[in-house]
Structures are given as structure tokens and as C-alpha cells.
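Novice: Supplied structure: structure29.cif, mmCIF, N, CA and C atoms.
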data_target
#
loop_
_atom_site.label_atom_id
_atom_site.label_comp_id
_atom_site.auth_asym_id
_atom_site.auth_seq_id
_atom_site.Cartn_x
_atom_site.Cartn_y
_atom_site.Cartn_z
N MET A 248 156.01 122.85 86.53
CA MET A 248 155.44 122.36 87.77
C MET A 248 155.38 120.84 87.79
N LEU A 249 155.07 120.23 86.65
CA LEU A 249 154.91 118.78 86.62
C LEU A 249 156.22 118.06 86.91
N ALA A 250 157.34 118.65 86.57
CA ALA A 250 158.63 118.01 86.80
C ALA A 250 158.96 117.90 88.29
N ALA A 251 158.30 118.67 89.12
CA ALA A 251 158.58 118.67 90.55
C ALA A 251 157.99 117.46 91.27
N PHE A 252 157.08 116.75 90.62
CA PHE A 252 156.40 115.62 91.26
C PHE A 252 156.61 114.35 90.47
N PRO A 253 156.61 113.19 91.15
CA PRO A 253 156.71 111.92 90.43
C PRO A 253 155.49 111.72 89.52
N LEU A 254 155.68 110.95 88.46
CA LEU A 254 154.61 110.72 87.49
C LEU A 254 153.37 110.11 88.13
N TRP A 255 153.55 109.19 89.06
CA TRP A 255 152.40 108.52 89.67
C TRP A 255 151.54 109.51 90.46
N VAL A 256 152.16 110.53 91.04
CA VAL A 256 151.40 111.55 91.78
C VAL A 256 150.55 112.36 90.80
N ILE A 257 151.13 112.72 89.68
CA ILE A 257 150.40 113.49 88.67
C ILE A 257 149.24 112.67 88.12
N VAL A 258 149.47 111.40 87.85
CA VAL A 258 148.41 110.54 87.31
C VAL A 258 147.26 110.42 88.30
N ILE A 259 147.58 110.20 89.57
CA ILE A 259 146.53 110.10 90.59
C ILE A 259 145.75 111.41 90.68
N ASP A 260 146.46 112.54 90.67
CA ASP A 260 145.77 113.83 90.75
C ASP A 260 144.90 114.07 89.53
N TYR A 261 145.38 113.71 88.35
CA TYR A 261 144.58 113.90 87.14
C TYR A 261 143.31 113.05 87.20
N VAL A 262 143.42 111.80 87.64
CA VAL A 262 142.24 110.93 87.73
C VAL A 262 141.25 111.48 88.76
N LEU A 263 141.75 111.85 89.94
CA LEU A 263 140.87 112.42 90.96
C LEU A 263 140.24 113.73 90.47
N GLY A 264 141.02 114.53 89.76
CA GLY A 264 140.49 115.79 89.22
C GLY A 264 139.42 115.56 88.17
N MET A 265 139.63 114.59 87.29
CA MET A 265 138.61 114.31 86.27
C MET A 265 137.32 113.80 86.91
N VAL A 266 137.45 112.96 87.92
CA VAL A 266 136.25 112.47 88.62
C VAL A 266 135.54 113.63 89.29
N MET A 267 136.28 114.50 89.97
CA MET A 267 135.68 115.64 90.65
C MET A 267 134.95 116.54 89.66
N TRP A 268 135.59 116.89 88.55
CA TRP A 268 134.96 117.79 87.59
C TRP A 268 133.81 117.12 86.85
N THR A 269 133.85 115.81 86.67
CA THR A 269 132.72 115.11 86.05
C THR A 269 131.51 115.14 86.97
N LEU A 270 131.73 114.98 88.27
CA LEU A 270 130.63 115.08 89.22
C LEU A 270 130.04 116.50 89.24
N ILE A 271 130.90 117.50 89.20
CA ILE A 271 130.43 118.88 89.16
C ILE A 271 129.69 119.15 87.85
N GLY A 272 130.19 118.60 86.75
CA GLY A 272 129.52 118.74 85.47
C GLY A 272 128.13 118.12 85.47
N ARG A 273 128.01 116.97 86.12
CA ARG A 273 126.69 116.34 86.21
C ARG A 273 125.72 117.24 86.98
N ALA A 274 126.17 117.79 88.08
CA ALA A 274 125.30 118.68 88.87
C ALA A 274 124.92 119.91 88.06
N ALA A 275 125.88 120.47 87.32
CA ALA A 275 125.59 121.66 86.52
C ALA A 275 124.62 121.34 85.39
N MET A 276 124.81 120.22 84.73
CA MET A 276 123.89 119.86 83.63
C MET A 276 122.51 119.51 84.17
N ASN A 277 122.48 119.02 85.41
CA ASN A 277 121.20 118.66 86.02
C ASN A 277 120.33 119.89 86.29
N ILE A 278 120.92 121.07 86.27
CA ILE A 278 120.12 122.29 86.41
C ILE A 278 119.18 122.43 85.22
N PHE A 279 119.67 122.06 84.04
CA PHE A 279 118.93 122.28 82.80
C PHE A 279 118.25 121.02 82.26
N LEU A 280 118.79 119.86 82.58
CA LEU A 280 118.28 118.60 82.04
C LEU A 280 117.99 117.62 83.16
N SER A 281 117.03 116.75 82.93
CA SER A 281 116.76 115.69 83.91
C SER A 281 117.78 114.57 83.71
N GLU A 282 117.90 113.72 84.71
CA GLU A 282 118.89 112.64 84.64
C GLU A 282 118.56 111.62 83.56
N ASP A 283 117.31 111.51 83.17
CA ASP A 283 116.93 110.55 82.13
C ASP A 283 116.84 111.20 80.75
N SER A 284 117.50 112.32 80.57
CA SER A 284 117.51 113.03 79.29
C SER A 284 118.23 112.19 78.23
N ASN A 285 117.84 112.37 76.99
CA ASN A 285 118.49 111.66 75.88
C ASN A 285 119.69 112.42 75.33
N PHE A 286 119.98 113.59 75.88
CA PHE A 286 121.12 114.37 75.43
C PHE A 286 122.40 113.60 75.72
N PHE A 287 123.29 113.50 74.73
CA PHE A 287 124.48 112.66 74.84
C PHE A 287 125.32 112.98 76.06
N PHE A 288 125.63 114.26 76.28
CA PHE A 288 126.52 114.62 77.39
C PHE A 288 125.89 114.28 78.74
N MET A 289 124.60 114.48 78.86
CA MET A 289 123.96 114.15 80.13
C MET A 289 123.98 112.65 80.37
N ARG A 290 123.74 111.88 79.31
CA ARG A 290 123.82 110.42 79.47
C ARG A 290 125.23 110.00 79.88
N PHE A 291 126.26 110.65 79.30
CA PHE A 291 127.64 110.33 79.68
C PHE A 291 127.89 110.65 81.15
N PHE A 292 127.49 111.86 81.58
CA PHE A 292 127.72 112.26 82.97
C PHE A 292 127.02 111.31 83.94
N VAL A 293 125.79 110.93 83.63
CA VAL A 293 125.05 110.03 84.51
C VAL A 293 125.70 108.65 84.52
N ARG A 294 126.03 108.13 83.35
CA ARG A 294 126.63 106.80 83.27
C ARG A 294 128.01 106.76 83.92
N ALA A 295 128.78 107.83 83.79
CA ALA A 295 130.13 107.85 84.35
C ALA A 295 130.14 108.05 85.86
N THR A 296 129.15 108.75 86.38
CA THR A 296 129.18 109.08 87.81
C THR A 296 128.29 108.20 88.68
N ASN A 297 127.35 107.48 88.10
CA ASN A 297 126.48 106.62 88.92
C ASN A 297 127.26 105.62 89.77
N PRO A 298 128.29 104.93 89.24
CA PRO A 298 129.04 104.00 90.11
C PRO A 298 129.70 104.71 91.30
N ILE A 299 130.19 105.91 91.08
CA ILE A 299 130.83 106.66 92.16
C ILE A 299 129.79 107.08 93.21
N LEU A 300 128.64 107.53 92.73
CA LEU A 300 127.58 107.92 93.66
C LEU A 300 127.08 106.73 94.47
N ARG A 301 127.00 105.56 93.82
CA ARG A 301 126.60 104.34 94.56
C ARG A 301 127.65 103.97 95.60
N LEU A 302 128.92 104.16 95.27
CA LEU A 302 129.99 103.86 96.21
C LEU A 302 129.92 104.75 97.45
N PHE A 303 129.54 106.01 97.26
CA PHE A 303 129.46 106.96 98.36
C PHE A 303 128.08 107.00 99.01
N ALA A 304 127.14 106.21 98.53
CA ALA A 304 125.77 106.22 99.07
C ALA A 304 125.71 105.96 100.58
N PRO A 305 126.52 105.04 101.12
CA PRO A 305 126.43 104.79 102.57
C PRO A 305 126.81 106.00 103.44
N ILE A 306 127.62 106.91 102.93
CA ILE A 306 128.02 108.06 103.74
C ILE A 306 127.36 109.36 103.26
N THR A 307 126.42 109.25 102.33
CA THR A 307 125.70 110.43 101.85
C THR A 307 124.47 110.65 102.71
N PRO A 308 124.33 111.83 103.30
CA PRO A 308 123.16 112.09 104.16
C PRO A 308 121.87 112.00 103.36
N GLY A 309 120.85 111.43 103.97
CA GLY A 309 119.57 111.26 103.32
C GLY A 309 118.81 112.56 103.10
N PHE A 310 119.16 113.61 103.84
CA PHE A 310 118.42 114.86 103.72
C PHE A 310 118.88 115.71 102.53
N LEU A 311 119.96 115.30 101.85
CA LEU A 311 120.44 116.07 100.71
C LEU A 311 119.47 115.99 99.53
N ILE A 312 119.27 117.09 98.87
CA ILE A 312 118.48 117.11 97.64
C ILE A 312 119.27 116.33 96.58
N ASP A 313 118.57 115.58 95.74
CA ASP A 313 119.25 114.76 94.74
C ASP A 313 120.24 115.56 93.89
N PHE A 314 119.90 116.80 93.60
CA PHE A 314 120.76 117.67 92.80
C PHE A 314 122.12 117.89 93.47
N LEU A 315 122.16 117.92 94.80
CA LEU A 315 123.39 118.22 95.53
C LEU A 315 124.27 117.01 95.82
N VAL A 316 123.77 115.82 95.60
CA VAL A 316 124.56 114.62 95.91
C VAL A 316 125.86 114.58 95.11
N PRO A 317 125.87 114.83 93.78
CA PRO A 317 127.16 114.84 93.07
C PRO A 317 128.12 115.91 93.59
N VAL A 318 127.61 117.06 94.00
CA VAL A 318 128.47 118.11 94.54
C VAL A 318 129.06 117.67 95.87
N TYR A 319 128.26 117.00 96.69
CA TYR A 319 128.72 116.49 97.98
C TYR A 319 129.85 115.47 97.78
N VAL A 320 129.68 114.58 96.82
CA VAL A 320 130.72 113.57 96.55
C VAL A 320 131.96 114.23 95.94
N ALA A 321 131.76 115.22 95.07
CA ALA A 321 132.90 115.93 94.49
C ALA A 321 133.72 116.63 95.58
N TRP A 322 133.05 117.07 96.64
CA TRP A 322 133.75 117.71 97.75
C TRP A 322 134.77 116.75 98.37
N PHE A 323 134.46 115.46 98.45
CA PHE A 323 135.42 114.48 98.98
C PHE A 323 136.66 114.42 98.10
N PHE A 324 136.46 114.41 96.80
CA PHE A 324 137.61 114.37 95.89
C PHE A 324 138.44 115.64 95.99
N PHE A 325 137.78 116.78 96.19
CA PHE A 325 138.49 118.02 96.42
C PHE A 325 139.34 117.92 97.68
N MET A 326 138.77 117.42 98.75
CA MET A 326 139.49 117.31 100.02
C MET A 326 140.68 116.36 99.90
N ILE A 327 140.51 115.27 99.17
CA ILE A 327 141.62 114.34 98.97
C ILE A 327 142.75 115.03 98.21
N ARG A 328 142.39 115.74 97.16
CA ARG A 328 143.41 116.40 96.34
C ARG A 328 144.08 117.56 97.07
N PHE A 329 143.36 118.28 97.86
CA PHE A 329 143.90 119.49 98.48
C PHE A 329 144.61 119.23 99.81
N TYR A 330 144.11 118.28 100.58
CA TYR A 330 144.68 118.05 101.92
C TYR A 330 145.36 116.69 102.07
N LEU A 331 144.70 115.62 101.66
CA LEU A 331 145.23 114.28 101.93
C LEU A 331 146.48 113.97 101.12
N MET A 332 146.47 114.25 99.82
CA MET A 332 147.64 113.92 99.00
C MET A 332 148.91 114.64 99.46
N PRO A 333 148.87 115.96 99.69
CA PRO A 333 150.10 116.60 100.20
C PRO A 333 150.54 116.04 101.55
N TRP A 334 149.60 115.75 102.43
CA TRP A 334 149.94 115.22 103.74
C TRP A 334 150.59 113.84 103.62
N LEU A 335 150.02 112.98 102.78
CA LEU A 335 150.58 111.65 102.60
C LEU A 335 151.96 111.68 101.96
N LEU A 336 152.20 112.69 101.12
CA LEU A 336 153.50 112.81 100.46
C LEU A 336 154.53 113.54 101.31
N GLY A 337 154.12 114.00 102.50
CA GLY A 337 155.07 114.58 103.44
C GLY A 337 155.31 116.07 103.28
N TYR A 338 154.44 116.76 102.57
CA TYR A 338 154.61 118.21 102.45
C TYR A 338 154.07 118.89 103.69
N SER A 339 154.81 119.87 104.20
CA SER A 339 154.38 120.55 105.42
C SER A 339 153.35 121.64 105.14
N VAL A 340 153.24 122.08 103.90
CA VAL A 340 152.30 123.13 103.54
C VAL A 340 151.10 122.48 102.86
N MET A 341 149.93 122.63 103.46
CA MET A 341 148.74 122.06 102.84
C MET A 341 148.46 122.77 101.52
N GLY A 342 148.15 121.98 100.53
CA GLY A 342 147.81 122.55 99.24
C GLY A 342 149.01 122.74 98.33
N MET A 343 150.22 122.35 98.77
CA MET A 343 151.40 122.54 97.93
C MET A 343 151.29 121.76 96.62
N LEU A 344 150.73 120.57 96.69
CA LEU A 344 150.58 119.74 95.51
C LEU A 344 149.29 120.04 94.77
N SER A 345 148.46 120.83 95.33
CA SER A 345 147.09 120.94 94.87
C SER A 345 146.96 121.38 93.42
N PHE A 346 146.16 120.63 92.73
CA PHE A 346 145.62 120.97 91.43
C PHE A 346 146.62 121.10 90.30
N PRO A 347 147.50 120.13 90.08
CA PRO A 347 148.33 120.16 88.87
C PRO A 347 147.49 120.14 87.59
N LEU A 348 146.36 119.43 87.60
CA LEU A 348 145.49 119.39 86.43
C LEU A 348 145.02 120.78 86.06
N GLU A 349 144.50 121.51 87.01
CA GLU A 349 143.99 122.85 86.74
C GLU A 349 145.13 123.81 86.40
N SER A 350 146.29 123.62 87.00
CA SER A 350 147.43 124.48 86.70
C SER A 350 147.87 124.30 85.25
N GLU A 351 147.87 123.07 84.78
CA GLU A 351 148.23 122.82 83.39
C GLU A 351 147.22 123.42 82.43
N ILE A 352 145.94 123.28 82.74
CA ILE A 352 144.89 123.86 81.89
C ILE A 352 145.02 125.38 81.85
N ALA A 353 145.26 125.99 83.01
CA ALA A 353 145.44 127.44 83.07
C ALA A 353 146.66 127.88 82.27
N ALA A 354 147.74 127.12 82.33
CA ALA A 354 148.95 127.47 81.58
C ALA A 354 148.71 127.40 80.08
N VAL A 355 147.98 126.38 79.65
CA VAL A 355 147.65 126.27 78.22
C VAL A 355 146.78 127.44 77.78
N LEU A 356 145.79 127.78 78.58
CA LEU A 356 144.92 128.92 78.24
C LEU A 356 145.71 130.23 78.23
N TYR A 357 146.62 130.39 79.15
CA TYR A 357 147.42 131.60 79.21
C TYR A 357 148.32 131.71 77.98
N ARG A 358 148.93 130.57 77.60
CA ARG A 358 149.77 130.59 76.40
C ARG A 358 148.95 130.88 75.15
N ALA A 359 147.73 130.36 75.11
CA ALA A 359 146.89 130.55 73.92
C ALA A 359 146.31 131.96 73.84
N PHE A 360 145.91 132.52 74.96
CA PHE A 360 145.20 133.80 74.94
C PHE A 360 145.95 134.93 75.64
N GLY A 361 147.09 134.60 76.26
CA GLY A 361 147.84 135.62 76.99
C GLY A 361 148.60 136.53 76.05
N ARG A 362 149.33 137.43 76.62
CA ARG A 362 150.08 138.39 75.79
C ARG A 362 151.27 137.78 75.19
#
Can you present the structure in this file as C-alpha cells?

Specialist:
Amino acid sequence: MLAAFPLWVIVIDYVLGMVMWTLIGRAAMNIFLSEDSNFFFMRFFVRATNPILRLFAPITPGFLIDFLVPVYVAWFFFMIRFYLMPWLLGYSVMGMLSFPLESEIAAVLYRAFGR
């Protein structure tokens, strides 16, 4: 699948995908830990995503619960990856380019645990 797209497209998708999943990871860890926790992974998620959340603060609705703000911002990255990138690259089918990062992870898991 990766050979079908230029390298720069894959790199952009991987970066957007990592940002999206880091935001989702922060929201998931926030279920169990507070944002000021000393746990290493929580500190990483907070430190890595705070600049992104500050960047999106002007368009984040004030009525959102703090827990949902990272999920709301991750939704933008999902929309960019699923709709905007294929449209900008001229594909007529929405989602044709979608999720090379996840496709590669699934392929590795299938090779490792598949028949």
C-alpha cells in the first residue's frame, strides 16, 4: 500500500496519525489519572499535547468538559486524514488514502499473529 503514494504523503499521514492517537491516549489516560500525575506516560501525553490544545483553544467550545477537549481536537486530525488529504491529492473517493499508519500496524499484527 505504501508504494502507491509519494513518501511525503505517507510522512504527513504518519505525523497527523501520531498526533491524533496521542490526543486520544491523553483522553484515555485522563480517565484513570489526573493531568498533574507524576506517572511518566501521563506527563508525556500532557507535555506533548498541551501545545496542540493551546493552538486549537480559539475554536474549542467553552461548554466542553475538560476531559473531552483532546478528543475534540483529535477529531480535527481524523477529518484531515480521512477527507481533506484525499481531496487535496485529487482522489475522487473519500477515504482512499485514509490511514496508511493504521494499515501498516494492522499488517504487522496480522503477520505476527495471523495464520

Novice: I need the residue nearest Thr269 (chain A) from this list: A:Pro298, A:Pro253, A:Pro305, A:Pro317. Use only C-alpha atoms for the distance.

Specialist: A:Pro317

Novice: When DSSP is applied to the backbone of this structure, which of chain A are assigned alpha helix (DSSP H)? Write them out as a count of residues only.

Specialist: 72

Novice: Just the number, please: distance in Å from CA of Ile312 (chain A) to CA of Ile327 (chain A), one decimal.

Specialist: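 Between these atoms lies a distance of 23.3 Å.
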
Novice: What's the separation between atom C of Pro308 (chain A) and CA of Met265 (chain A), in Å to one decimal place?

Specialist: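 Those two atoms sit 24.0 Å apart.
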
Novice: Would you mind reading off the distance between CA of Arg301 (chain A) and atom C of Glu282 (chain A), one decimal, in Å?

Specialist: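 If I compute the distance from CA of Arg301 (chain A) to atom C of Glu282 (chain A), I get 15.4 Å.
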
Novice: For a quick check of understanding, using only N, CA and C atoms, which of A:Val316, A:Ile257, A:Ala304, A:Met332 has the smallest distance to Pro347 (chain A)?

Specialist: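 The closest residue to Pro347 (chain A) is A:Ile257.
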
Novice: Please provide the set of residues having any atom within 8 Å of region 271-280 of chain A, restricted to all atoms listed in the file, with same-chain residues fewer than 5 positions apart removed, written as a list in words.

Specialist: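 Near region 271-280 of chain A, the qualifying residues are Met265, Val266, Phe288, Met289, Phe291, Phe292, Val293, Thr296, Asp313, Phe314, Leu315, Val316, Pro317, Val318, Tyr319, Val320, Ala321 and Trp322 of chain A.
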